[in-house]
Amino acid sequence: LVQPILRSKYPAITPEEQAMSVPLQILCLALFDAILVNMLNRVSLNGAWEMVRREVSDAMIINKGDRICSILSDSYAKDHVIFLQEVASTFVKKLEICKVGETHAVLTPVGIDRWRDQNSIMMVRKDFFSPGTCQDETSRVIGKLDGSWVANGDLFLASILDHRGGLWLLGSFHGDSNGLSTQPVLQAIVELAKERFHDHKLVLGVDANTYDRPPNNRYHSVASFRSFVEKTGLRSCWDLHHYSNGCDEALPVLGEVEPSSLDQRE
């Protein structure tokens, strides 16, 4: 269950850190377990901590899938595209049978990772898009990157038609925690779109992991990302000049069309 942490996915780590990544993960897990046991046996003798742990476990683990489906159904059912990242492959079936699955089709990459809960997927409204026309274009981007920057399942790029014959290029991506892979991957997508999909509307949902105040050059800054977005002609649903909170930021929608244009086509 413990997989190596690879530099191809997390370029901020050193070769030495990659080599010892498995034993380091096991050590960290052992330390974490020791802390919890200490809390249970010494700090919380009356069992209060166990009650808190059980509540957190119920909300974040046991009932997590139901809660996610509820949020999607209650808050996003009217949206034409829902971009999801860090999704377990086993959760796809649940999405298909829950309430939001009645209005949206679940699109998954050919190379979905069955072991890591790190998959990028998308959901599209059935009354706007034609799910049967979806074509996975992820391998074209991977080819441009020479296999670097992304692990299996991190990126999903697909071309698809809407019911009026409109051409779309949709992408869901989440990168490394430091955000160093965000710009190279998006650059490859933009280049591919111009070369092969120039007649498609490009819309991306990205967990960009950019930092308002990066501690060093091993973290991708909001300022640098903003310059990249402006240079490539992309538009963001976030105001990158004013939106900053001092921590890493996800970028939900990025594209060559205004986010509101999907509604205007209705």
# chains A, B, ... in the order shown; residues from 1 in each chain; ligands from 1

call {"tool": "residues_around", "arguments": {"residues": "A:Glu102", "least_positions_apart": "4", "cutoff": "10 Å", "atoms": "only C-alpha atoms", "output": "ChimeraX atom specification"}}
result
/A:73,77,95-98,125-126

call {"tool": "write_last_selection", "arguments": {"atoms": "N, CA and C atoms", "output": "PDB file, in the first residue's frame"}}
result
ATOM      1  N   SER A  73     -24.903  17.207  -5.289  1.00  0.00           N
ATOM      2  CA  SER A  73     -26.307  17.242  -5.692  1.00  0.00           C
ATOM      3  C   SER A  73     -26.987  18.539  -5.277  1.00  0.00           C
ATOM      4  N   ALA A  77     -25.606  20.737  -9.041  1.00  0.00           N
ATOM      5  CA  ALA A  77     -26.387  19.969 -10.010  1.00  0.00           C
ATOM      6  C   ALA A  77     -26.695  20.761 -11.274  1.00  0.00           C
ATOM      7  N   LEU A  95     -20.666   7.799  -7.616  1.00  0.00           N
ATOM      8  CA  LEU A  95     -21.098   9.016  -8.299  1.00  0.00           C
ATOM      9  C   LEU A  95     -22.154   8.705  -9.350  1.00  0.00           C
ATOM     10  N   GLU A  96     -21.996   7.585 -10.022  1.00  0.00           N
ATOM     11  CA  GLU A  96     -22.909   7.232 -11.100  1.00  0.00           C
ATOM     12  C   GLU A  96     -24.309   6.904 -10.593  1.00  0.00           C
ATOM     13  N   ILE A  97     -24.413   6.400  -9.368  1.00  0.00           N
ATOM     14  CA  ILE A  97     -25.717   5.975  -8.867  1.00  0.00           C
ATOM     15  C   ILE A  97     -26.337   6.965  -7.879  1.00  0.00           C
ATOM     16  N   CYS A  98     -25.580   8.005  -7.491  1.00  0.00           N
ATOM     17  CA  CYS A  98     -26.157   8.982  -6.577  1.00  0.00           C
ATOM     18  C   CYS A  98     -26.989  10.002  -7.358  1.00  0.00           C
ATOM     19  N   ARG A 125     -23.090  17.645 -17.711  1.00  0.00           N
ATOM     20  CA  ARG A 125     -24.550  17.552 -17.781  1.00  0.00           C
ATOM     21  C   ARG A 125     -24.975  16.796 -19.036  1.00  0.00           C
ATOM     22  N   LYS A 126     -25.851  15.841 -18.850  1.00  0.00           N
ATOM     23  CA  LYS A 126     -26.312  15.006 -19.963  1.00  0.00           C
ATOM     24  C   LYS A 126     -27.193  15.780 -20.938  1.00  0.00           C
TER      25      LYS A 126
END

call {"tool": "select_by_dssp", "arguments": {"residues": "stretch 20-156 of chain A", "states": "alpha helix (DSSP H)", "output": "PDB file with N, CA, C and O atoms, in the first residue's frame"}}
result
ATOM      1  N   SER A  21      11.954   7.210   0.440  1.00  0.00           N
ATOM      2  CA  SER A  21      10.583   7.656   0.648  1.00  0.00           C
ATOM      3  C   SER A  21       9.694   6.593   1.288  1.00  0.00           C
ATOM      4  O   SER A  21       8.826   6.915   2.109  1.00  0.00           O
ATOM      5  N   VAL A  22       9.886   5.323   0.939  1.00  0.00           N
ATOM      6  CA  VAL A  22       9.039   4.275   1.519  1.00  0.00           C
ATOM      7  C   VAL A  22       9.324   4.090   3.009  1.00  0.00           C
ATOM      8  O   VAL A  22       8.399   4.144   3.832  1.00  0.00           O
ATOM      9  N   PRO A  23      10.587   3.874   3.415  1.00  0.00           N
ATOM     10  CA  PRO A  23      10.830   3.741   4.861  1.00  0.00           C
ATOM     11  C   PRO A  23      10.484   5.007   5.642  1.00  0.00           C
ATOM     12  O   PRO A  23      10.037   4.922   6.792  1.00  0.00           O
ATOM     13  N   LEU A  24      10.636   6.173   5.038  1.00  0.00           N
ATOM     14  CA  LEU A  24      10.277   7.408   5.730  1.00  0.00           C
ATOM     15  C   LEU A  24       8.774   7.485   5.971  1.00  0.00           C
ATOM     16  O   LEU A  24       8.318   7.933   7.032  1.00  0.00           O
ATOM     17  N   GLN A  25       7.995   7.049   4.993  1.00  0.00           N
ATOM     18  CA  GLN A  25       6.542   7.038   5.175  1.00  0.00           C
ATOM     19  C   GLN A  25       6.135   6.090   6.299  1.00  0.00           C
ATOM     20  O   GLN A  25       5.258   6.402   7.109  1.00  0.00           O
ATOM     21  N   ILE A  26       6.789   4.933   6.350  1.00  0.00           N
ATOM     22  CA  ILE A  26       6.474   3.967   7.402  1.00  0.00           C
ATOM     23  C   ILE A  26       6.849   4.530   8.767  1.00  0.00           C
ATOM     24  O   ILE A  26       6.113   4.386   9.753  1.00  0.00           O
ATOM     25  N   LEU A  27       8.001   5.224   8.837  1.00  0.00           N
ATOM     26  CA  LEU A  27       8.421   5.844  10.088  1.00  0.00           C
ATOM     27  C   LEU A  27       7.411   6.907  10.531  1.00  0.00           C
ATOM     28  O   LEU A  27       7.039   6.972  11.717  1.00  0.00           O
ATOM     29  N   CYS A  28       6.969   7.726   9.587  1.00  0.00           N
ATOM     30  CA  CYS A  28       5.998   8.777   9.919  1.00  0.00           C
ATOM     31  C   CYS A  28       4.681   8.174  10.408  1.00  0.00           C
ATOM     32  O   CYS A  28       4.071   8.689  11.353  1.00  0.00           O
ATOM     33  N   LEU A  29       4.246   7.093   9.782  1.00  0.00           N
ATOM     34  CA  LEU A  29       3.026   6.422  10.222  1.00  0.00           C
ATOM     35  C   LEU A  29       3.192   5.859  11.632  1.00  0.00           C
ATOM     36  O   LEU A  29       2.273   5.939  12.463  1.00  0.00           O
ATOM     37  N   ALA A  30       4.370   5.291  11.908  1.00  0.00           N
ATOM     38  CA  ALA A  30       4.623   4.739  13.242  1.00  0.00           C
ATOM     39  C   ALA A  30       4.618   5.843  14.291  1.00  0.00           C
ATOM     40  O   ALA A  30       4.051   5.677  15.387  1.00  0.00           O
ATOM     41  N   LEU A  31       5.229   6.985  13.980  1.00  0.00           N
ATOM     42  CA  LEU A  31       5.240   8.113  14.909  1.00  0.00           C
ATOM     43  C   LEU A  31       3.825   8.641  15.138  1.00  0.00           C
ATOM     44  O   LEU A  31       3.449   8.974  16.269  1.00  0.00           O
ATOM     45  N   PHE A  32       3.057   8.718  14.057  1.00  0.00           N
ATOM     46  CA  PHE A  32       1.674   9.195  14.173  1.00  0.00           C
ATOM     47  C   PHE A  32       0.856   8.267  15.064  1.00  0.00           C
ATOM     48  O   PHE A  32       0.106   8.716  15.944  1.00  0.00           O
ATOM     49  N   ASP A  33       1.005   6.957  14.855  1.00  0.00           N
ATOM     50  CA  ASP A  33       0.288   5.984  15.678  1.00  0.00           C
ATOM     51  C   ASP A  33       0.711   6.093  17.141  1.00  0.00           C
ATOM     52  O   ASP A  33      -0.122   5.987  18.056  1.00  0.00           O
ATOM     53  N   ALA A  34       2.011   6.309  17.375  1.00  0.00           N
ATOM     54  CA  ALA A  34       2.516   6.427  18.751  1.00  0.00           C
ATOM     55  C   ALA A  34       1.907   7.642  19.448  1.00  0.00           C
ATOM     56  O   ALA A  34       1.566   7.593  20.638  1.00  0.00           O
ATOM     57  N   ILE A  35       1.777   8.736  18.705  1.00  0.00           N
ATOM     58  CA  ILE A  35       1.165   9.950  19.266  1.00  0.00           C
ATOM     59  C   ILE A  35      -0.284   9.686  19.647  1.00  0.00           C
ATOM     60  O   ILE A  35      -0.749  10.080  20.722  1.00  0.00           O
ATOM     61  N   LEU A  36      -1.024   9.010  18.760  1.00  0.00           N
ATOM     62  CA  LEU A  36      -2.425   8.719  19.046  1.00  0.00           C
ATOM     63  C   LEU A  36      -2.574   7.801  20.257  1.00  0.00           C
ATOM     64  O   LEU A  36      -3.440   8.011  21.113  1.00  0.00           O
ATOM     65  N   VAL A  37      -1.716   6.781  20.335  1.00  0.00           N
ATOM     66  CA  VAL A  37      -1.777   5.862  21.474  1.00  0.00           C
ATOM     67  C   VAL A  37      -1.481   6.616  22.771  1.00  0.00           C
ATOM     68  O   VAL A  37      -2.130   6.404  23.810  1.00  0.00           O
ATOM     69  N   ASN A  38      -0.499   7.523  22.727  1.00  0.00           N
ATOM     70  CA  ASN A  38      -0.170   8.319  23.904  1.00  0.00           C
ATOM     71  C   ASN A  38      -1.362   9.188  24.316  1.00  0.00           C
ATOM     72  O   ASN A  38      -1.674   9.310  25.509  1.00  0.00           O
ATOM     73  N   ALA A  48     -12.651  10.848  26.235  1.00  0.00           N
ATOM     74  CA  ALA A  48     -13.197  11.952  25.431  1.00  0.00           C
ATOM     75  C   ALA A  48     -12.584  11.979  24.040  1.00  0.00           C
ATOM     76  O   ALA A  48     -13.274  12.248  23.046  1.00  0.00           O
ATOM     77  N   TRP A  49     -11.286  11.701  23.952  1.00  0.00           N
ATOM     78  CA  TRP A  49     -10.625  11.726  22.652  1.00  0.00           C
ATOM     79  C   TRP A  49     -11.191  10.671  21.715  1.00  0.00           C
ATOM     80  O   TRP A  49     -11.361  10.897  20.525  1.00  0.00           O
ATOM     81  N   GLU A  50     -11.506   9.506  22.240  1.00  0.00           N
ATOM     82  CA  GLU A  50     -12.070   8.448  21.406  1.00  0.00           C
ATOM     83  C   GLU A  50     -13.407   8.887  20.811  1.00  0.00           C
ATOM     84  O   GLU A  50     -13.713   8.577  19.654  1.00  0.00           O
ATOM     85  N   MET A  51     -14.206   9.626  21.572  1.00  0.00           N
ATOM     86  CA  MET A  51     -15.481  10.115  21.059  1.00  0.00           C
ATOM     87  C   MET A  51     -15.263  11.108  19.920  1.00  0.00           C
ATOM     88  O   MET A  51     -15.949  11.066  18.903  1.00  0.00           O
ATOM     89  N   VAL A  52     -14.270  11.990  20.088  1.00  0.00           N
ATOM     90  CA  VAL A  52     -13.946  12.953  19.033  1.00  0.00           C
ATOM     91  C   VAL A  52     -13.432  12.222  17.797  1.00  0.00           C
ATOM     92  O   VAL A  52     -13.823  12.521  16.667  1.00  0.00           O
ATOM     93  N   ARG A  53     -12.548  11.245  18.023  1.00  0.00           N
ATOM     94  CA  ARG A  53     -11.986  10.485  16.906  1.00  0.00           C
ATOM     95  C   ARG A  53     -13.083   9.789  16.126  1.00  0.00           C
ATOM     96  O   ARG A  53     -13.076   9.752  14.894  1.00  0.00           O
ATOM     97  N   ARG A  54     -14.067   9.230  16.844  1.00  0.00           N
ATOM     98  CA  ARG A  54     -15.151   8.506  16.190  1.00  0.00           C
ATOM     99  C   ARG A  54     -16.011   9.452  15.358  1.00  0.00           C
ATOM    100  O   ARG A  54     -16.421   9.130  14.242  1.00  0.00           O
ATOM    101  N   GLU A  55     -16.270  10.636  15.887  1.00  0.00           N
ATOM    102  CA  GLU A  55     -17.067  11.625  15.144  1.00  0.00           C
ATOM    103  C   GLU A  55     -16.346  12.063  13.877  1.00  0.00           C
ATOM    104  O   GLU A  55     -16.959  12.183  12.810  1.00  0.00           O
ATOM    105  N   VAL A  56     -15.033  12.323  14.002  1.00  0.00           N
ATOM    106  CA  VAL A  56     -14.246  12.719  12.836  1.00  0.00           C
ATOM    107  C   VAL A  56     -14.200  11.595  11.813  1.00  0.00           C
ATOM    108  O   VAL A  56     -14.330  11.821  10.610  1.00  0.00           O
ATOM    109  N   SER A  57     -14.020  10.370  12.295  1.00  0.00           N
ATOM    110  CA  SER A  57     -13.962   9.213  11.398  1.00  0.00           C
ATOM    111  C   SER A  57     -15.274   9.027  10.656  1.00  0.00           C
ATOM    112  O   SER A  57     -15.292   8.761   9.448  1.00  0.00           O
ATOM    113  N   LYS A  64     -17.968   9.744   4.236  1.00  0.00           N
ATOM    114  CA  LYS A  64     -17.402  10.754   3.352  1.00  0.00           C
ATOM    115  C   LYS A  64     -18.047  10.743   1.972  1.00  0.00           C
ATOM    116  O   LYS A  64     -18.407  11.788   1.420  1.00  0.00           O
ATOM    117  N   GLY A  65     -18.212   9.562   1.397  1.00  0.00           N
ATOM    118  CA  GLY A  65     -18.787   9.455   0.055  1.00  0.00           C
ATOM    119  C   GLY A  65     -20.199  10.012  -0.018  1.00  0.00           C
ATOM    120  O   GLY A  65     -20.548  10.744  -0.946  1.00  0.00           O
ATOM    121  N   ASP A  66     -21.004   9.671   0.984  1.00  0.00           N
ATOM    122  CA  ASP A  66     -22.384  10.175   1.003  1.00  0.00           C
ATOM    123  C   ASP A  66     -22.408  11.692   1.127  1.00  0.00           C
ATOM    124  O   ASP A  66     -23.243  12.364   0.503  1.00  0.00           O
ATOM    125  N   ARG A  67     -21.504  12.234   1.929  1.00  0.00           N
ATOM    126  CA  ARG A  67     -21.457  13.680   2.125  1.00  0.00           C
ATOM    127  C   ARG A  67     -21.047  14.387   0.837  1.00  0.00           C
ATOM    128  O   ARG A  67     -21.620  15.425   0.479  1.00  0.00           O
ATOM    129  N   ILE A  68     -20.074  13.844   0.129  1.00  0.00           N
ATOM    130  CA  ILE A  68     -19.640  14.445  -1.140  1.00  0.00           C
ATOM    131  C   ILE A  68     -20.785  14.434  -2.144  1.00  0.00           C
ATOM    132  O   ILE A  68     -21.041  15.429  -2.830  1.00  0.00           O
ATOM    133  N   CYS A  69     -21.469  13.305  -2.250  1.00  0.00           N
ATOM    134  CA  CYS A  69     -22.598  13.212  -3.180  1.00  0.00           C
ATOM    135  C   CYS A  69     -23.675  14.225  -2.829  1.00  0.00           C
ATOM    136  O   CYS A  69     -24.281  14.837  -3.723  1.00  0.00           O
ATOM    137  N   SER A  70     -23.909  14.411  -1.537  1.00  0.00           N
ATOM    138  CA  SER A  70     -24.910  15.374  -1.092  1.00  0.00           C
ATOM    139  C   SER A  70     -24.521  16.788  -1.481  1.00  0.00           C
ATOM    140  O   SER A  70     -25.354  17.571  -1.962  1.00  0.00           O
ATOM    141  N   ILE A  71     -23.250  17.140  -1.297  1.00  0.00           N
ATOM    142  CA  ILE A  71     -22.774  18.477  -1.661  1.00  0.00           C
ATOM    143  C   ILE A  71     -22.898  18.708  -3.161  1.00  0.00           C
ATOM    144  O   ILE A  71     -23.369  19.756  -3.612  1.00  0.00           O
ATOM    145  N   LEU A  72     -22.490  17.723  -3.956  1.00  0.00           N
ATOM    146  CA  LEU A  72     -22.574  17.857  -5.412  1.00  0.00           C
ATOM    147  C   LEU A  72     -24.023  18.005  -5.866  1.00  0.00           C
ATOM    148  O   LEU A  72     -24.339  18.830  -6.725  1.00  0.00           O
ATOM    149  N   SER A  73     -24.903  17.207  -5.289  1.00  0.00           N
ATOM    150  CA  SER A  73     -26.307  17.242  -5.692  1.00  0.00           C
ATOM    151  C   SER A  73     -26.987  18.539  -5.277  1.00  0.00           C
ATOM    152  O   SER A  73     -27.776  19.108  -6.033  1.00  0.00           O
ATOM    153  N   ASP A  74     -26.661  19.026  -4.079  1.00  0.00           N
ATOM    154  CA  ASP A  74     -27.341  20.215  -3.555  1.00  0.00           C
ATOM    155  C   ASP A  74     -26.779  21.516  -4.126  1.00  0.00           C
ATOM    156  O   ASP A  74     -27.530  22.481  -4.299  1.00  0.00           O
ATOM    157  N   SER A  75     -25.475  21.554  -4.416  1.00  0.00           N
ATOM    158  CA  SER A  75     -24.833  22.820  -4.780  1.00  0.00           C
ATOM    159  C   SER A  75     -24.377  22.919  -6.227  1.00  0.00           C
ATOM    160  O   SER A  75     -24.174  24.021  -6.723  1.00  0.00           O
ATOM    161  N   PHE A  91     -14.811   5.321  -6.017  1.00  0.00           N
ATOM    162  CA  PHE A  91     -15.861   6.319  -5.801  1.00  0.00           C
ATOM    163  C   PHE A  91     -16.632   6.627  -7.083  1.00  0.00           C
ATOM    164  O   PHE A  91     -17.726   7.196  -7.027  1.00  0.00           O
ATOM    165  N   VAL A  92     -16.071   6.266  -8.226  1.00  0.00           N
ATOM    166  CA  VAL A  92     -16.715   6.553  -9.509  1.00  0.00           C
ATOM    167  C   VAL A  92     -18.089   5.905  -9.578  1.00  0.00           C
ATOM    168  O   VAL A  92     -19.073   6.532  -9.999  1.00  0.00           O
ATOM    169  N   LYS A  93     -18.190   4.643  -9.172  1.00  0.00           N
ATOM    170  CA  LYS A  93     -19.471   3.941  -9.212  1.00  0.00           C
ATOM    171  C   LYS A  93     -20.511   4.616  -8.327  1.00  0.00           C
ATOM    172  O   LYS A  93     -21.691   4.700  -8.677  1.00  0.00           O
ATOM    173  N   LYS A  94     -20.060   5.123  -7.192  1.00  0.00           N
ATOM    174  CA  LYS A  94     -20.979   5.793  -6.276  1.00  0.00           C
ATOM    175  C   LYS A  94     -21.518   7.068  -6.906  1.00  0.00           C
ATOM    176  O   LYS A  94     -22.697   7.400  -6.756  1.00  0.00           O
ATOM    177  N   LEU A  95     -20.666   7.799  -7.616  1.00  0.00           N
ATOM    178  CA  LEU A  95     -21.098   9.016  -8.299  1.00  0.00           C
ATOM    179  C   LEU A  95     -22.154   8.705  -9.350  1.00  0.00           C
ATOM    180  O   LEU A  95     -23.107   9.467  -9.543  1.00  0.00           O
ATOM    181  N   GLU A  96     -21.996   7.585 -10.022  1.00  0.00           N
ATOM    182  CA  GLU A  96     -22.909   7.232 -11.100  1.00  0.00           C
ATOM    183  C   GLU A  96     -24.309   6.904 -10.593  1.00  0.00           C
ATOM    184  O   GLU A  96     -25.296   7.112 -11.313  1.00  0.00           O
ATOM    185  N   ILE A  97     -24.413   6.400  -9.368  1.00  0.00           N
ATOM    186  CA  ILE A  97     -25.717   5.975  -8.867  1.00  0.00           C
ATOM    187  C   ILE A  97     -26.337   6.965  -7.879  1.00  0.00           C
ATOM    188  O   ILE A  97     -27.481   6.793  -7.470  1.00  0.00           O
ATOM    189  N   VAL A 100     -26.731  13.166  -8.221  1.00  0.00           N
ATOM    190  CA  VAL A 100     -26.100  13.980  -9.258  1.00  0.00           C
ATOM    191  C   VAL A 100     -25.794  13.146 -10.497  1.00  0.00           C
ATOM    192  O   VAL A 100     -25.673  13.673 -11.605  1.00  0.00           O
ATOM    193  N   GLY A 101     -25.691  11.827 -10.340  1.00  0.00           N
ATOM    194  CA  GLY A 101     -25.472  10.948 -11.478  1.00  0.00           C
ATOM    195  C   GLY A 101     -26.675  10.855 -12.400  1.00  0.00           C
ATOM    196  O   GLY A 101     -26.545  10.390 -13.544  1.00  0.00           O
ATOM    197  N   GLU A 102     -27.834  11.307 -11.944  1.00  0.00           N
ATOM    198  CA  GLU A 102     -29.012  11.317 -12.792  1.00  0.00           C
ATOM    199  C   GLU A 102     -28.938  12.421 -13.841  1.00  0.00           C
ATOM    200  O   GLU A 102     -29.464  12.270 -14.945  1.00  0.00           O
ATOM    201  N   THR A 103     -28.287  13.527 -13.494  1.00  0.00           N
ATOM    202  CA  THR A 103     -28.192  14.674 -14.410  1.00  0.00           C
ATOM    203  C   THR A 103     -26.844  14.768 -15.097  1.00  0.00           C
ATOM    204  O   THR A 103     -26.733  15.398 -16.149  1.00  0.00           O
ATOM    205  N   THR A 138      -5.569  12.587 -23.032  1.00  0.00           N
ATOM    206  CA  THR A 138      -4.529  12.751 -22.012  1.00  0.00           C
ATOM    207  C   THR A 138      -3.150  12.333 -22.517  1.00  0.00           C
ATOM    208  O   THR A 138      -2.145  13.001 -22.241  1.00  0.00           O
ATOM    209  N   SER A 139      -3.097  11.243 -23.248  1.00  0.00           N
ATOM    210  CA  SER A 139      -1.794  10.722 -23.699  1.00  0.00           C
ATOM    211  C   SER A 139      -1.060  11.718 -24.588  1.00  0.00           C
ATOM    212  O   SER A 139       0.173  11.715 -24.633  1.00  0.00           O
ATOM    213  N   ARG A 140      -1.788  12.567 -25.286  1.00  0.00           N
ATOM    214  CA  ARG A 140      -1.150  13.574 -26.141  1.00  0.00           C
ATOM    215  C   ARG A 140      -0.376  14.588 -25.291  1.00  0.00           C
ATOM    216  O   ARG A 140       0.701  15.039 -25.674  1.00  0.00           O
ATOM    217  N   VAL A 141      -0.931  14.930 -24.141  1.00  0.00           N
ATOM    218  CA  VAL A 141      -0.246  15.861 -23.238  1.00  0.00           C
ATOM    219  C   VAL A 141       0.955  15.169 -22.597  1.00  0.00           C
ATOM    220  O   VAL A 141       2.042  15.754 -22.500  1.00  0.00           O
ATOM    221  N   ILE A 142       0.767  13.928 -22.160  1.00  0.00           N
ATOM    222  CA  ILE A 142       1.857  13.177 -21.539  1.00  0.00           C
ATOM    223  C   ILE A 142       3.036  13.075 -22.504  1.00  0.00           C
ATOM    224  O   ILE A 142       4.200  13.180 -22.110  1.00  0.00           O
ATOM    225  N   GLY A 143       2.728  12.880 -23.796  1.00  0.00           N
ATOM    226  CA  GLY A 143       3.784  12.809 -24.800  1.00  0.00           C
ATOM    227  C   GLY A 143       4.576  14.092 -24.891  1.00  0.00           C
ATOM    228  O   GLY A 143       5.800  14.065 -25.077  1.00  0.00           O
ATOM    229  N   LYS A 144       3.908  15.223 -24.769  1.00  0.00           N
ATOM    230  CA  LYS A 144       4.596  16.505 -24.810  1.00  0.00           C
ATOM    231  C   LYS A 144       5.489  16.715 -23.585  1.00  0.00           C
ATOM    232  O   LYS A 144       6.479  17.442 -23.641  1.00  0.00           O
TER     233      LYS A 144
END

call {"tool": "atom_distance", "arguments": {"atom1": "atom CA of A:His220", "atom2": "atom CA of A:Ala19"}}
result
24.3 Å

call {"tool": "atom_distance", "arguments": {"atom1": "atom CA of A:Gly166", "atom2": "atom CA of A:Leu202"}}
result
11.6 Å

call {"tool": "closest_residue", "arguments": {"among": "A:Glu86, A:Val190, A:Leu180, A:Glu195", "to": "A:Ile13", "atoms": "only C-alpha atoms"}}
result
A:Leu180

call {"tool": "atom_distance", "arguments": {"atom1": "atom CA of A:Asn216", "atom2": "atom CA of A:Ser177"}}
result
13.7 Å

call {"tool": "closest_residue", "arguments": {"among": "A:Cys237, A:Leu161, A:Met122, A:Val150", "to": "A:Pro11", "atoms": "only C-alpha atoms"}}
result
A:Val150

call {"tool": "residues_around", "arguments": {"residues": "stretch 182-186 of chain A", "least_positions_apart": "3", "cutoff": "8 Å", "atoms": "only C-alpha atoms", "output": "PyMOL selection string"}}
result
chain A and resi 141+145+149+174-176+179+189-190+208-209+225+228

call {"tool": "write_last_selection", "arguments": {"atoms": "C-alpha atoms", "output": "CSV table (one decimal), in the first residue's frame"}}
result
chain,number,residue,atom,x,y,z
A,141,VAL,CA,-0.2,15.9,-23.2
A,145,LEU,CA,5.9,16.2,-21.2
A,149,TRP,CA,5.5,16.1,-14.1
A,174,HIS,CA,-4.1,18.4,-9.8
A,175,GLY,CA,-0.3,18.7,-9.5
A,176,ASP,CA,2.3,18.4,-6.8
A,179,GLY,CA,2.8,23.6,-7.6
A,189,ILE,CA,-2.3,21.6,-22.8
A,190,VAL,CA,-2.4,25.1,-24.3
A,208,ALA,CA,-3.0,24.8,-9.1
A,209,ASN,CA,-1.3,24.7,-5.6
A,225,PHE,CA,1.1,31.8,-12.1
A,228,PHE,CA,1.7,32.8,-17.0

call {"tool": "closest_residue", "arguments": {"among": "A:Phe156, A:Tyr76, A:Phe83, A:Phe129", "to": "A:Val110", "atoms": "only C-alpha atoms"}}
result
A:Phe156

call {"tool": "residues_around", "arguments": {"residues": "A:Leu170", "least_positions_apart": "6", "cutoff": "7 Å", "atoms": "only C-alpha atoms", "output": "list in words"}}
result
Leu157, Ala158, Ser159, Leu202, Val203 and Leu204 of chain A

call {"tool": "write_last_selection", "arguments": {"atoms": "N, CA, C and O atoms", "output": "PDB file, in the first residue's frame"}}
result
ATOM      1  N   LEU A 157      -7.623  14.903 -19.798  1.00  0.00           N
ATOM      2  CA  LEU A 157      -8.001  15.857 -20.837  1.00  0.00           C
ATOM      3  C   LEU A 157      -8.863  15.118 -21.848  1.00  0.00           C
ATOM      4  O   LEU A 157      -8.498  14.032 -22.315  1.00  0.00           O
ATOM      5  N   ALA A 158     -10.013  15.697 -22.191  1.00  0.00           N
ATOM      6  CA  ALA A 158     -10.939  15.015 -23.090  1.00  0.00           C
ATOM      7  C   ALA A 158     -11.591  16.000 -24.051  1.00  0.00           C
ATOM      8  O   ALA A 158     -11.915  17.129 -23.679  1.00  0.00           O
ATOM      9  N   SER A 159     -11.783  15.558 -25.275  1.00  0.00           N
ATOM     10  CA  SER A 159     -12.571  16.319 -26.242  1.00  0.00           C
ATOM     11  C   SER A 159     -13.990  15.751 -26.218  1.00  0.00           C
ATOM     12  O   SER A 159     -14.188  14.548 -26.017  1.00  0.00           O
ATOM     13  N   LEU A 202     -11.713  25.589 -24.842  1.00  0.00           N
ATOM     14  CA  LEU A 202     -10.919  24.971 -23.781  1.00  0.00           C
ATOM     15  C   LEU A 202     -11.392  25.446 -22.408  1.00  0.00           C
ATOM     16  O   LEU A 202     -11.459  26.648 -22.141  1.00  0.00           O
ATOM     17  N   VAL A 203     -11.735  24.493 -21.535  1.00  0.00           N
ATOM     18  CA  VAL A 203     -12.116  24.803 -20.157  1.00  0.00           C
ATOM     19  C   VAL A 203     -11.416  23.799 -19.235  1.00  0.00           C
ATOM     20  O   VAL A 203     -11.514  22.587 -19.442  1.00  0.00           O
ATOM     21  N   LEU A 204     -10.719  24.319 -18.226  1.00  0.00           N
ATOM     22  CA  LEU A 204      -9.949  23.469 -17.327  1.00  0.00           C
ATOM     23  C   LEU A 204     -10.347  23.717 -15.876  1.00  0.00           C
ATOM     24  O   LEU A 204     -10.602  24.854 -15.479  1.00  0.00           O
TER      25      LEU A 204
END

call {"tool": "select_by_dssp", "arguments": {"residues": "stretch 114-265 of chain A", "states": "strand (DSSP E)", "output": "ChimeraX atom specification"}}
result
/A:119-125,129-136,155-162,167-174,201-210,235-236,249-255
